[in-house]
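Here is run.txt, consisting of compact mmCIF, C-alpha atoms:
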# COMPACT_ATOMS: atom_id res chain seq x y z
CA MET A 685 126.99 -10.41 127.43
CA MET A 686 129.62 -12.96 126.45
CA ASN A 687 131.45 -14.60 129.35
CA GLY A 688 133.79 -17.33 128.06
CA LYS A 689 136.88 -16.38 126.03
CA MET A 690 138.44 -18.37 123.22
CA THR A 691 141.70 -20.04 124.20
CA GLU A 692 144.14 -21.95 122.04
CA PRO A 693 143.34 -25.29 123.76
CA LEU A 694 139.64 -24.63 123.16
CA ARG A 695 140.31 -23.85 119.49
CA GLN A 696 142.23 -27.11 119.20
CA LEU A 697 139.42 -29.00 120.95
CA ARG A 698 136.90 -27.51 118.51
CA ASN A 699 139.01 -28.49 115.50
CA GLU A 700 139.59 -32.03 116.77
CA MET A 701 135.88 -32.55 117.38
CA ALA A 702 134.98 -31.21 113.93
CA GLN A 703 137.42 -33.61 112.31
CA VAL A 704 136.13 -36.62 114.28
CA LEU A 705 132.49 -35.76 113.56
CA ARG A 706 132.91 -34.97 109.86
CA ASP A 707 135.50 -37.53 108.80
CA LYS A 708 134.74 -40.49 111.06
CA MET A 709 131.57 -40.51 113.14
CA ILE A 710 129.02 -39.42 110.55
CA PRO A 711 130.50 -41.66 107.81
CA PHE A 712 130.59 -44.56 110.29
CA TRP A 713 126.83 -44.42 110.76
CA LEU A 714 126.07 -43.60 107.13
CA ASN A 715 128.03 -46.67 106.03
CA ARG A 716 126.46 -49.11 108.51
CA SER A 717 123.15 -48.05 109.99
CA ILE A 718 120.87 -47.72 106.96
CA ASP A 719 118.63 -50.76 106.57
CA THR A 720 118.57 -51.04 102.78
CA GLU A 721 116.14 -53.97 102.91
CA TRP A 722 113.32 -52.71 105.13
CA GLY A 723 114.16 -49.08 105.86
CA GLY A 724 114.94 -47.42 109.15
CA TYR A 725 118.18 -47.92 111.04
CA LEU A 726 120.33 -50.78 112.31
CA THR A 727 122.10 -49.82 115.53
CA SER A 728 123.51 -52.99 117.12
CA ILE A 729 127.19 -52.76 116.14
CA ASP A 730 130.17 -54.36 117.83
CA GLU A 731 133.59 -52.83 118.51
CA LYS A 732 134.87 -54.04 115.13
CA GLY A 733 132.13 -52.16 113.30
CA ILE A 734 130.17 -55.32 112.43
CA VAL A 735 126.40 -54.85 112.32
CA SER A 736 123.99 -57.37 113.85
CA PRO A 737 121.67 -58.12 110.92
CA ASP A 738 118.45 -59.27 112.62
CA GLU A 739 117.85 -56.81 115.42
CA PRO A 740 114.40 -55.50 116.35
CA LYS A 741 113.77 -51.77 116.06
CA PHE A 742 112.86 -49.44 118.90
CA ILE A 743 111.21 -46.03 118.58
CA VAL A 744 113.80 -44.32 120.78
CA THR A 745 116.80 -45.32 118.66
CA GLN A 746 114.99 -44.92 115.35
CA ALA A 747 113.98 -41.39 116.38
CA ARG A 748 117.45 -40.55 117.69
CA MET A 749 119.05 -41.66 114.42
CA LEU A 750 116.53 -39.60 112.46
CA TRP A 751 117.32 -36.62 114.67
CA GLY A 752 121.06 -37.19 114.13
CA PHE A 753 120.93 -37.40 110.35
CA SER A 754 118.79 -34.24 110.35
CA ALA A 755 120.58 -32.06 112.90
CA LEU A 756 124.12 -33.07 111.89
CA ARG A 757 123.74 -32.42 108.17
CA LYS A 758 125.46 -29.03 108.58
CA TYR A 759 128.60 -30.80 109.84
CA VAL A 760 128.84 -33.38 107.07
CA ASP A 761 131.52 -33.46 104.41
CA PRO A 762 129.97 -31.89 101.26
CA LYS A 763 130.45 -35.14 99.36
CA ASP A 764 128.11 -36.84 101.87
CA ALA A 765 125.38 -34.16 101.76
CA ALA A 766 123.00 -36.15 99.54
CA ARG A 767 123.64 -39.35 101.49
CA ILE A 768 122.75 -37.85 104.85
CA GLU A 769 119.58 -36.28 103.46
CA ASN A 770 118.54 -39.62 101.97
CA ALA A 771 119.40 -41.36 105.26
CA ALA A 772 117.10 -38.98 107.13
CA ARG A 773 114.27 -39.20 104.61
CA GLN A 774 114.07 -42.98 104.53
CA GLY A 775 114.25 -43.10 108.35
CA TYR A 776 111.37 -40.65 108.56
CA GLN A 777 109.30 -42.71 106.14
CA PHE A 778 109.95 -45.93 108.08
CA LEU A 779 108.99 -44.24 111.35
CA ILE A 780 105.64 -42.97 110.08
CA LYS A 781 104.77 -46.14 108.17
CA ASN A 782 105.59 -48.65 110.91
CA PHE A 783 105.56 -46.95 114.33
CA TRP A 784 102.65 -44.52 114.07
CA ASP A 785 99.44 -45.90 115.63
CA LYS A 786 96.67 -45.12 113.13
CA GLU A 787 93.94 -46.08 115.61
CA PHE A 788 94.91 -44.35 118.87
CA GLY A 789 97.67 -41.97 117.78
CA GLY A 790 101.21 -41.81 119.08
CA PHE A 791 104.12 -44.14 118.41
CA PHE A 792 104.59 -47.80 119.31
CA TRP A 793 107.58 -48.92 121.39
CA SER A 794 109.10 -51.59 119.12
CA THR A 795 108.82 -53.50 115.86
CA THR A 796 110.60 -56.34 114.13
CA LYS A 797 113.39 -55.49 111.72
CA ALA A 798 110.74 -55.51 108.98
CA GLY A 799 108.52 -53.08 110.86
CA VAL A 800 105.88 -55.38 112.35
CA CYS A 801 104.78 -54.10 115.78
CA THR A 802 106.02 -56.21 118.71
CA ASP A 803 105.22 -53.86 121.60
CA PRO A 804 102.42 -51.31 121.11
CA GLY A 805 103.04 -49.58 124.44
CA LYS A 806 102.92 -45.79 124.58
CA LEU A 807 105.74 -44.27 126.62
CA SER A 808 106.09 -40.55 127.18
CA TYR A 809 109.84 -41.07 126.73
CA ALA A 810 109.22 -42.54 123.29
CA GLN A 811 106.73 -39.86 122.24
CA SER A 812 109.23 -37.24 123.38
CA PHE A 813 111.97 -38.50 121.08
CA ALA A 814 109.51 -38.79 118.21
CA ILE A 815 108.54 -35.13 118.68
CA TYR A 816 112.22 -34.19 118.93
CA ALA A 817 113.21 -36.03 115.75
CA LEU A 818 110.20 -35.00 113.67
CA SER A 819 110.56 -31.35 114.67
CA GLU A 820 114.27 -31.34 113.80
CA TYR A 821 113.59 -33.08 110.48
CA ALA A 822 110.91 -30.49 109.69
CA LEU A 823 113.30 -27.65 110.60
CA GLN A 824 116.17 -28.96 108.53
CA PHE A 825 114.29 -30.12 105.44
CA GLY A 826 111.21 -27.90 105.48
CA ASP A 827 108.82 -30.86 105.57
CA PRO A 828 105.30 -29.78 106.63
CA GLU A 829 104.09 -33.37 107.05
CA ALA A 830 106.82 -34.09 109.61
CA ARG A 831 105.87 -30.96 111.53
CA GLU A 832 102.23 -32.09 111.43
CA TYR A 833 103.13 -35.49 112.93
CA ALA A 834 105.19 -33.78 115.63
CA GLU A 835 102.18 -31.65 116.52
CA LYS A 836 99.81 -34.64 116.44
CA THR A 837 102.08 -36.47 118.87
CA PHE A 838 102.25 -33.42 121.14
CA ASN A 839 98.44 -33.14 121.03
CA ALA A 840 98.02 -36.81 121.95
CA MET A 841 100.33 -36.26 124.91
CA GLN A 842 98.17 -33.38 126.15
CA ILE A 843 94.98 -35.43 125.82
CA TYR A 844 96.11 -38.79 127.15
CA ALA A 845 99.35 -38.37 129.11
CA ALA A 846 99.08 -35.00 130.86
CA ASP A 847 98.20 -35.23 134.56
CA THR A 848 95.68 -32.45 135.03
CA LEU A 849 95.53 -32.94 138.82
CA TYR A 850 99.19 -32.95 139.91
CA GLY A 851 100.87 -31.68 136.76
CA GLY A 852 103.48 -33.21 134.54
CA TYR A 853 102.98 -36.33 132.48
CA TYR A 854 102.24 -39.98 133.10
CA GLU A 855 105.07 -42.07 131.72
CA ASN A 856 104.18 -45.68 130.86
CA MET A 857 100.92 -46.41 129.08
CA GLN A 858 99.28 -49.15 127.05
CA MET A 859 98.41 -48.98 123.35
CA ASP A 860 95.09 -47.24 124.11
CA TRP A 861 96.87 -44.78 126.47
CA SER A 862 95.49 -46.41 129.63
CA LEU A 863 98.03 -46.40 132.46
CA ALA A 864 100.43 -49.31 132.82
CA GLY A 865 100.68 -51.24 136.08
CA ASN A 866 102.45 -50.02 139.19
CA GLY A 867 106.01 -50.63 140.37
CA MET A 868 108.42 -51.62 137.61
CA TYR A 869 105.76 -50.78 135.00
CA ALA A 870 105.75 -47.19 136.30
CA GLY A 871 102.05 -46.44 136.08
CA ASP A 872 102.39 -44.95 139.56
CA ARG A 873 105.69 -43.07 139.03
CA LYS A 874 107.11 -39.96 137.41
CA SER A 875 110.76 -39.19 136.80
CA LEU A 876 113.09 -36.30 136.08
CA ASP A 877 114.56 -38.14 133.10
CA ILE A 878 111.31 -38.23 131.12
CA HIS A 879 110.35 -34.63 131.95
CA MET A 880 113.82 -33.39 131.00
CA HIS A 881 113.48 -35.03 127.59
CA LEU A 882 109.98 -33.60 127.18
CA MET A 883 111.51 -30.17 127.77
CA GLU A 884 114.11 -31.00 125.14
CA SER A 885 111.48 -32.04 122.60
CA PHE A 886 109.11 -29.13 123.34
CA THR A 887 112.06 -26.78 122.78
CA THR A 888 112.63 -28.10 119.25
CA LEU A 889 108.90 -28.28 118.55
CA TYR A 890 108.53 -24.61 119.49
CA LYS A 891 111.46 -23.74 117.22
CA ALA A 892 109.67 -25.53 114.38
CA THR A 893 106.20 -24.06 114.88
CA GLN A 894 106.49 -20.85 116.92
CA LYS A 895 103.02 -21.65 118.29
CA GLU A 896 101.92 -20.20 121.60
CA ILE A 897 100.67 -23.54 122.96
CA HIS A 898 104.11 -25.09 122.42
CA ARG A 899 105.78 -22.10 124.08
CA ARG A 900 103.41 -22.30 127.04
CA LYS A 901 103.91 -26.03 127.57
CA LEU A 902 107.67 -25.62 127.34
CA ILE A 903 107.60 -22.98 130.08
CA GLU A 904 105.33 -25.22 132.13
CA VAL A 905 107.69 -28.21 132.05
CA ILE A 906 110.72 -25.99 132.80
CA ASN A 907 109.00 -24.65 135.90
CA LEU A 908 107.87 -28.11 136.95
CA ILE A 909 111.43 -29.45 136.78
CA LEU A 910 113.01 -26.54 138.62
CA LEU A 911 110.36 -26.15 141.32
CA ARG A 912 109.45 -29.78 142.05
CA MET A 913 112.13 -32.11 140.69
CA ALA A 914 115.44 -30.58 141.79
CA ASP A 915 117.22 -29.20 144.82
CA ARG A 916 117.75 -25.61 143.71
CA GLU A 917 120.19 -24.74 146.48
CA LYS A 918 122.46 -27.79 146.28
CA GLY A 919 122.22 -28.20 142.54
CA TYR A 920 121.10 -31.72 141.72
CA GLY A 921 118.02 -33.41 140.35
CA PHE A 922 115.94 -35.95 142.20
CA ASN A 923 115.32 -39.19 140.36
CA GLN A 924 111.82 -40.64 140.80
CA PHE A 925 108.52 -39.49 142.31
CA ASP A 926 105.05 -40.77 142.96
CA ILE A 927 102.17 -39.33 140.95
CA SER A 928 101.84 -36.34 143.30
CA PHE A 929 105.60 -35.60 143.00
CA LYS A 930 106.54 -36.92 146.39
CA LYS A 931 110.20 -38.00 146.13
CA ILE A 932 110.66 -41.80 146.39
CA PRO A 933 113.65 -44.18 146.08
CA ALA A 934 114.51 -45.03 142.49
CA ILE A 935 113.87 -48.49 141.07
CA ASN A 936 114.62 -50.01 137.68
CA ILE A 937 111.64 -49.41 135.40
CA TYR A 938 110.57 -51.64 132.52
CA ARG A 939 111.55 -50.30 129.09
CA THR A 940 114.26 -47.95 130.38
CA TRP A 941 118.01 -47.88 129.89
CA ASN A 942 118.58 -48.30 133.65
CA ALA A 943 116.72 -51.61 133.54
CA GLU A 944 118.09 -52.87 130.22
CA ARG A 945 121.71 -51.70 130.27
CA GLU A 946 124.43 -54.32 130.25
CA THR A 947 126.19 -53.16 133.35
CA ASN A 948 129.11 -53.76 135.68
CA GLU A 949 128.15 -51.93 138.86
CA ARG A 950 124.50 -52.14 139.92
CA ILE A 951 122.37 -50.56 142.63
CA ASP A 952 120.25 -53.48 143.84
CA GLU A 953 118.46 -51.76 146.72
CA PRO A 954 116.24 -48.78 145.79
CA LYS A 955 117.92 -45.53 146.82
CA ASP A 956 117.30 -41.82 146.44
CA THR A 957 119.93 -41.41 143.73
CA THR A 958 120.91 -38.58 141.43
CA SER A 959 122.48 -38.94 137.99
CA TYR A 960 125.50 -36.69 137.44
CA GLY A 961 125.12 -37.03 133.70
CA HIS A 962 121.47 -35.99 133.78
CA ASN A 963 122.25 -33.00 135.98
CA VAL A 964 124.91 -31.69 133.60
CA GLU A 965 122.71 -32.46 130.58
CA LEU A 966 119.82 -30.64 132.22
CA SER A 967 122.02 -27.59 132.76
CA TRP A 968 122.73 -27.06 129.07
CA LEU A 969 119.28 -28.15 127.87
CA LEU A 970 117.76 -25.48 130.11
CA ALA A 971 120.02 -22.90 128.50
CA VAL A 972 118.92 -24.01 125.03
CA ALA A 973 115.27 -23.84 126.09
CA TYR A 974 115.63 -20.28 127.34
CA ASP A 975 117.45 -19.35 124.13
CA ALA A 976 114.53 -20.74 122.10
CA LEU A 977 112.07 -18.79 124.23
CA GLY A 978 114.13 -15.62 123.83
CA THR A 979 113.87 -15.15 127.60
CA ASN A 980 116.44 -14.22 130.19
CA PRO A 981 116.39 -17.03 132.78
CA GLY A 982 117.16 -14.64 135.63
CA LYS A 983 117.70 -16.56 138.86
CA ASP A 984 117.15 -19.85 137.05
CA SER A 985 120.65 -19.41 135.62
CA GLU A 986 121.98 -19.98 139.14
CA ILE A 987 120.73 -23.56 139.27
CA MET A 988 122.28 -24.24 135.85
CA SER A 989 125.63 -23.35 137.36
CA ARG A 990 124.93 -25.30 140.56
CA PHE A 991 124.17 -28.45 138.57
CA LEU A 992 127.69 -28.20 137.14
CA ASP A 993 129.30 -27.40 140.49
CA HIS A 994 127.61 -30.36 142.19
CA SER A 995 128.69 -32.77 139.45
CA ILE A 996 132.30 -31.57 139.69
CA LYS A 997 132.35 -31.84 143.48
CA TYR A 998 130.69 -35.25 143.83
CA GLY A 999 130.54 -36.90 140.41
CA TYR A 1000 133.82 -36.11 138.69
CA ASP A 1001 136.88 -38.33 138.91
CA ASN A 1002 139.71 -35.84 139.28
CA GLU A 1003 142.26 -38.66 139.56
CA TYR A 1004 141.56 -40.64 136.40
CA GLY A 1005 139.21 -38.32 134.52
CA GLY A 1006 135.61 -38.66 133.43
CA ILE A 1007 132.28 -38.50 135.21
CA TYR A 1008 130.74 -41.25 137.32
CA ARG A 1009 127.26 -42.67 136.83
CA ASP A 1010 125.24 -42.22 140.01
CA GLY A 1011 125.41 -40.99 143.57
CA ILE A 1012 123.35 -39.91 146.55
CA ALA A 1013 122.99 -36.17 147.08
CA ASP A 1014 126.02 -34.76 148.91
CA SER A 1015 127.92 -38.02 149.21
CA PRO A 1016 130.72 -39.68 147.25
CA ALA A 1017 129.66 -41.39 144.02
CA LEU A 1018 127.80 -44.66 144.49
CA VAL A 1019 128.52 -46.11 141.03
CA THR A 1020 132.02 -45.33 139.77
CA ASP A 1021 132.07 -46.99 136.37
CA LYS A 1022 131.83 -44.63 133.40
CA GLU A 1023 129.27 -44.74 130.65
CA TRP A 1024 129.52 -43.09 127.26
CA TRP A 1025 126.49 -40.81 127.43
CA GLN A 1026 127.22 -39.17 130.79
CA ASN A 1027 130.72 -38.27 129.64
CA PHE A 1028 129.70 -36.87 126.27
CA GLU A 1029 126.89 -34.87 127.89
CA ALA A 1030 129.33 -33.65 130.56
CA MET A 1031 131.56 -32.10 127.90
CA THR A 1032 128.65 -30.15 126.48
CA GLY A 1033 127.41 -29.05 129.88
CA TYR A 1034 130.79 -27.85 131.09
CA LEU A 1035 131.60 -25.97 127.88
CA ASN A 1036 128.16 -24.37 127.88
CA GLY A 1037 128.79 -23.37 131.50
CA TYR A 1038 132.08 -21.75 130.49
CA PHE A 1039 130.31 -19.84 127.71
CA ARG A 1040 127.48 -18.68 129.97
CA PHE A 1041 129.32 -18.04 133.25
CA GLY A 1042 132.99 -17.66 132.31
CA LYS A 1043 134.28 -20.02 135.01
CA GLU A 1044 137.65 -21.42 134.03
CA ASP A 1045 136.96 -24.58 136.04
CA TYR A 1046 134.18 -25.50 133.63
CA LEU A 1047 136.48 -25.18 130.64
CA LYS A 1048 139.11 -27.28 132.40
CA HIS A 1049 136.62 -30.06 133.08
CA CYS A 1050 135.39 -29.99 129.48
CA GLU A 1051 138.96 -30.31 128.21
CA ASN A 1052 139.80 -33.05 130.71
CA THR A 1053 136.68 -35.01 129.77
CA TRP A 1054 137.55 -34.77 126.08
CA GLU A 1055 141.03 -36.12 126.81
CA PHE A 1056 139.50 -39.02 128.80
CA ILE A 1057 137.06 -39.73 125.97
CA LYS A 1058 139.81 -39.70 123.32
CA LYS A 1059 142.05 -41.97 125.37
CA HIS A 1060 139.49 -44.51 126.58
CA PHE A 1061 136.05 -44.22 124.95
CA LEU A 1062 136.77 -43.49 121.28
CA ILE A 1063 137.54 -46.36 118.94
CA GLU A 1064 139.99 -44.49 116.74
CA PRO A 1065 139.25 -45.92 113.25
CA PHE A 1066 135.53 -45.24 113.63
CA GLY A 1067 135.43 -42.05 115.69
CA GLU A 1068 132.71 -43.62 117.83
CA SER A 1069 132.48 -44.58 121.48
CA ARG A 1070 132.55 -47.74 123.49
CA GLN A 1071 129.61 -48.17 125.83
CA LEU A 1072 131.06 -48.71 129.32
CA LEU A 1073 134.40 -48.39 131.11
CA ALA A 1074 135.73 -49.19 134.55
CA ARG A 1075 136.89 -46.28 136.66
CA LYS A 1076 140.46 -46.21 135.31
CA GLY A 1077 139.28 -46.50 131.72
CA GLU A 1078 139.45 -50.24 131.09
CA SER A 1079 136.82 -51.37 128.60
CA ILE A 1080 133.93 -53.34 130.11
CA ILE A 1081 131.39 -53.24 127.29
CA PRO A 1082 133.12 -52.29 124.03
CA THR A 1083 130.09 -52.31 121.71
CA ILE A 1084 129.57 -49.18 119.63
CA GLY A 1085 125.82 -49.43 119.11
CA ASN A 1086 122.86 -51.18 120.71
CA PRO A 1087 119.07 -50.78 120.88
CA TRP A 1088 119.65 -47.62 122.97
CA LYS A 1089 122.92 -46.30 121.56
CA GLY A 1090 123.26 -44.55 118.21
CA ILE A 1091 124.64 -41.20 117.08
CA TYR A 1092 122.50 -39.09 119.43
CA HIS A 1093 124.65 -38.50 122.55
CA THR A 1094 128.00 -38.71 120.79
CA GLY A 1095 127.24 -36.76 117.64
CA ARG A 1096 125.16 -34.17 119.44
CA ALA A 1097 127.88 -33.55 122.04
CA LEU A 1098 130.51 -32.91 119.38
CA ALA A 1099 128.17 -30.69 117.37
CA GLU A 1100 127.08 -28.69 120.42
CA CYS A 1101 130.67 -28.20 121.61
CA ILE A 1102 131.70 -27.04 118.12
CA SER A 1103 128.78 -24.61 118.05
CA ILE A 1104 129.52 -23.25 121.54
CA ALA A 1105 133.21 -22.81 120.73
CA GLU A 1106 132.28 -20.88 117.58
CA LYS A 1107 129.96 -18.62 119.58
CA ILE A 1108 132.81 -17.90 121.98
CA GLU A 1109 135.22 -17.22 119.14
CA ASN A 1110 132.75 -14.91 117.40
CA GLY A 1111 131.84 -13.00 120.54
CA GLY A 1112 128.39 -14.57 120.83
CA LYS A 1113 126.11 -13.21 123.52
CA THR A 1114 124.44 -15.14 126.31
CA TRP A 1115 121.33 -13.68 127.96
Structure rendered as structure tokens:
Amino acid sequence: MMNGKMTEPLRQLRNEMAQVLRDKMIPFWLNRSIDTEWGGYLTSIDEKGIVSPDEPKFIVTQARMLWGFSALRKYVDPKDAARIENAARQGYQFLIKNFWDKEFGGFFWSTTKAGVCTDPGKLSYAQSFAIYALSEYALQFGDPEAREYAEKTFNAMQIYAADTLYGGYYENMQMDWSLAGNGMYAGDRKSLDIHMHLMESFTTLYKATQKEIHRRKLIEVINLILLRMADREKGYGFNQFDISFKKIPAINIYRTWNAERETNERIDEPKDTTSYGHNVELSWLLAVAYDALGTNPGKDSEIMSRFLDHSIKYGYDNEYGGIYRDGIADSPALVTDKEWWQNFEAMTGYLNGYFRFGKEDYLKHCENTWEFIKKHFLIEPFGESRQLLARKGESIIPTIGNPWKGIYHTGRALAECISIAEKIENGGKTW
């Protein structure tokens, strides 16, 4: 059945997002991010749109840009259709040529601008985004080689990264897939973040292949997240675990955004935190996974709604707008500055919740978040987002792109919201 109903404000929101995505955001990245000298993508861009010319390249951002230029091609202005296809193709070629490990399989963590490996580490997070990007590229452009590399990466994960004793996946590994050290190197830890993104990538891989093994592993990671990595009754995800999935206080881990972000507020002492942005993102990614499986989630739909309710109760700033970064379970937010990705993901999660469950409060919070984003995050000429704001919306870090920030969260959020709004308008069915 279809739960959400099209409203005039929602129609306007959809039209505004389509205009920003088509006329500003996609052209912004097409005009700046293509490395015409070496291939791949340049993503370090300041608030004036000026590109840093000598940046290294990281698998996560290269894969996210490849995903973006593949998945967003349907939203591009027709005059840019050939450009976005070429942008995706050259990014794919750079990825395979320079990041793929021909000896051990899987993708390296980083290279120089020219593509010379600087960190051969194998991270499940990195492999996940490679699978995600390659599967989407294969879907959009019908490329069998890209699908083959996505499957090869998935297979390497099952051989070298899957924990056959406790379940789930090891997260930080060396070039030869041996486990990294303990503590900040995370050889002794597992996290919700990485397993959520593995679910995301397995969803797209299954769409691309329709193979039973990919379906089975997708179901496995969904069940792992919902049964062992979240509080089903209260509606929030735990952060970090030991190898046996015992919940432990979260620390900053080497080669993660939490450790490398330029930040204002910081949690110095390890705490049992939850990320409001991840919880809302997980809500809608679960819905997409069940859609891909063609399965009714049954009681699992309840936790999708609870993730949203918890974020609204504890993580949303009803005075100034926007969603906070981090908190502790059923307590007021611990970190009250506002980062781009949590807020863009929140829009998608709330609108998806309105579509699935018909709760007007979800639509209201989607609309309010979009207004906060337009007023404070978006740099109007470019249609792209600043990185970090203080609680009231003052800019703290105004840069548009960095080694972690490209078109992925921003472009995907607009595209998903447009798609959900169109489903609502056309009477689309949920489960």
>> Between CA of Gly775 in chain A and CA of Met749 in chain A, what is the distance in Å, rounded to a tenth?
In response: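 These two atoms are separated by 7.9 Å.
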Padding of 4 Å on every side, edges along x, y and z, all listed atoms of range 792-800 of chain A included: what centre and edge lengths in Å, to one decimal, does that box have, as JSON?
{"center_x": 109.0, "center_y": -52.1, "center_z": 115.2, "size_x": 16.8, "size_y": 16.5, "size_z": 20.4}
Give me, as a CSV table (one decimal) with C-alpha atoms, in the frame of the given file, all polymer residues having an atom no more than 8 Å from Asn1027 in chain A, counting only C-alpha atoms and skipping those fewer than 5 positions away in the same chain.
chain,number,residue,atom,x,y,z
A,961,GLY,CA,125.1,-37.0,133.7
A,1006,GLY,CA,135.6,-38.7,133.4
A,1007,ILE,CA,132.3,-38.5,135.2
A,1022,LYS,CA,131.8,-44.6,133.4
A,1053,THR,CA,136.7,-35.0,129.8
A,1057,ILE,CA,137.1,-39.7,126.0
>> Under the rule that only C-alpha atoms are counted, which of A:Glu896, A:Glu832, A:Asn936, A:Phe838 is the nearest residue to Ala870 in chain A?
In response: A:Asn936
>> Would you compute the distance between CA of Ser967 in chain A and CA of Leu992 in chain A? Give it in Å to one decimal.
In response: 7.2 Å
>> So that I can see what lies close to range 1107-1114 of chain A, please list as a list in words the residues with an atom at most 10 Å from it, counting all atoms listed in the file and leaving out residues fewer than 5 positions away in the same chain.
In response: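 After dropping sequence-adjacent residues, the list is Met685, Met686, Asn687, Gly688, Lys689, Met690, Thr691, Leu694, Arg695, Ala971, Asp975, Asn980, Asn1036, Tyr1038, Phe1039, Arg1040, Phe1041, Cys1101 and Ile1102 of chain A.
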>> Could you list, as number ranges by chain, every residue within 9 Å of Thr1032 in chain A, counting only C-alpha atoms and ignoring same-chain residues fewer than 2 positions away?
In response: A: 964-965, 968, 1027-1030, 1034-1037, 1050, 1096-1098, 1100-1101, 1104
Output of the above residues as a tab-separated table (two decimals), keeping the file's coordinate frame, restricted to C-alpha atoms:
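Output below, filename out28.tsv:
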chain	number	residue	atom	x	y	z
A	964	VAL	CA	124.91	-31.69	133.60
A	965	GLU	CA	122.71	-32.46	130.58
A	968	TRP	CA	122.73	-27.06	129.07
A	1027	ASN	CA	130.72	-38.27	129.64
A	1028	PHE	CA	129.70	-36.87	126.27
A	1029	GLU	CA	126.89	-34.87	127.89
A	1030	ALA	CA	129.33	-33.65	130.56
A	1034	TYR	CA	130.79	-27.85	131.09
A	1035	LEU	CA	131.60	-25.97	127.88
A	1036	ASN	CA	128.16	-24.37	127.88
A	1037	GLY	CA	128.79	-23.37	131.50
A	1050	CYS	CA	135.39	-29.99	129.48
A	1096	ARG	CA	125.16	-34.17	119.44
A	1097	ALA	CA	127.88	-33.55	122.04
A	1098	LEU	CA	130.51	-32.91	119.38
A	1100	GLU	CA	127.08	-28.69	120.42
A	1101	CYS	CA	130.67	-28.20	121.61
A	1104	ILE	CA	129.52	-23.25	121.54
> Quick one: residues within 12 Å of Ala771 in chain A, all atoms listed in the file counted, chain neighbours fewer than 4 positions away excluded, as an MDAnalysis selection string?
Replying inline: chainID A and resid 710:711 713:720 723:726 746 749:754 756:757 764:767 775:778 821
> Pick the closest to Ser928 in chain A from A:Thr802, A:Ser875, A:Gln894, A:Ser808: which is it, counting only C-alpha atoms?
Replying inline: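 Closest residue, counting only C-alpha atoms: A:Ser875.
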> Rounded to one decimal in Å, what is the spacing between CA of Ile935 in chain A and CA of Ile1012 in chain A?
Replying inline: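 Here the two named atoms are 13.9 Å from each other.
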> Could you pull the residues within 10 Å of range 783-786 of chain A, counting only C-alpha atoms, minus those fewer than 2 positions along the same chain, as a list in words?
Replying inline: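 Neighbouring residues, sequence-local ones excluded: Lys741, Phe742, Ile743, Gln746, Gln777, Phe778, Leu779, Ile780, Lys781, Phe788, Gly789, Gly790, Phe791, Phe792, Trp793, Ser794, Thr795, Gly799, Val800, Cys801, Pro804, Lys806, Ala814, Tyr833, Thr837, Met859 and Asp860 of chain A.
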> So which one's closest to Lys797 in chain A, A:Glu1044, A:Glu769, A:Glu721, A:Asp847? Using only C-alpha atoms, please.
Replying inline: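 Residue with the minimum atom-to-atom distance to Lys797 in chain A: A:Glu721.
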> From the list A:Leu1073, A:Ile1063, A:Ala892, A:Leu970, which residue is nearest Asp1021 in chain A when using all atoms listed in the file?
Replying inline: A:Leu1073
Tell me, counting only C-alpha atoms, for each residue of range 763-874 of chain A within 10 Å of range 904-921 of chain A, which pair of atoms is nearest and how far apart they are in Å to one decimal, in rows ordered by chain and increasing number, as JSON lines.
{"residue": "A:Gly851", "atom": "CA", "partner": "A:Leu908", "partner_atom": "CA", "distance": 7.9}
{"residue": "A:Gly852", "atom": "CA", "partner": "A:Val905", "partner_atom": "CA", "distance": 7.0}
{"residue": "A:Tyr853", "atom": "CA", "partner": "A:Val905", "partner_atom": "CA", "distance": 9.4}
{"residue": "A:Lys874", "atom": "CA", "partner": "A:Met913", "partner_atom": "CA", "distance": 9.9}
For C-alpha atoms, I'd like the residues from the last selection saved as an mmCIF file, in the coordinates of the input.
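Final output, saved to part-v8.cif:
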data_model
loop_
_atom_site.group_PDB
_atom_site.id
_atom_site.type_symbol
_atom_site.label_atom_id
_atom_site.label_comp_id
_atom_site.auth_asym_id
_atom_site.auth_seq_id
_atom_site.Cartn_x
_atom_site.Cartn_y
_atom_site.Cartn_z
ATOM 1 C CA GLY A 851 100.870 -31.680 136.760
ATOM 2 C CA GLY A 852 103.480 -33.210 134.540
ATOM 3 C CA TYR A 853 102.980 -36.330 132.480
ATOM 4 C CA LYS A 874 107.110 -39.960 137.410
#
Selection as a short mmCIF file (atom, residue, chain, number, x, y, z; two decimals) with C-alpha atoms, in the coordinates of the input: residues within 8 Å of (133.8, -30.7, 117.1), counting all atoms listed in the file:
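Output file selection-v3.cif follows:
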data_model
loop_
_atom_site.label_atom_id
_atom_site.label_comp_id
_atom_site.auth_asym_id
_atom_site.auth_seq_id
_atom_site.Cartn_x
_atom_site.Cartn_y
_atom_site.Cartn_z
CA LEU A 697 139.42 -29.00 120.95
CA ARG A 698 136.90 -27.51 118.51
CA ASN A 699 139.01 -28.49 115.50
CA GLU A 700 139.59 -32.03 116.77
CA MET A 701 135.88 -32.55 117.38
CA ALA A 702 134.98 -31.21 113.93
CA GLN A 703 137.42 -33.61 112.31
CA VAL A 704 136.13 -36.62 114.28
CA LEU A 705 132.49 -35.76 113.56
CA LEU A 1098 130.51 -32.91 119.38
CA ALA A 1099 128.17 -30.69 117.37
CA GLU A 1100 127.08 -28.69 120.42
CA CYS A 1101 130.67 -28.20 121.61
CA ILE A 1102 131.70 -27.04 118.12
CA SER A 1103 128.78 -24.61 118.05
#
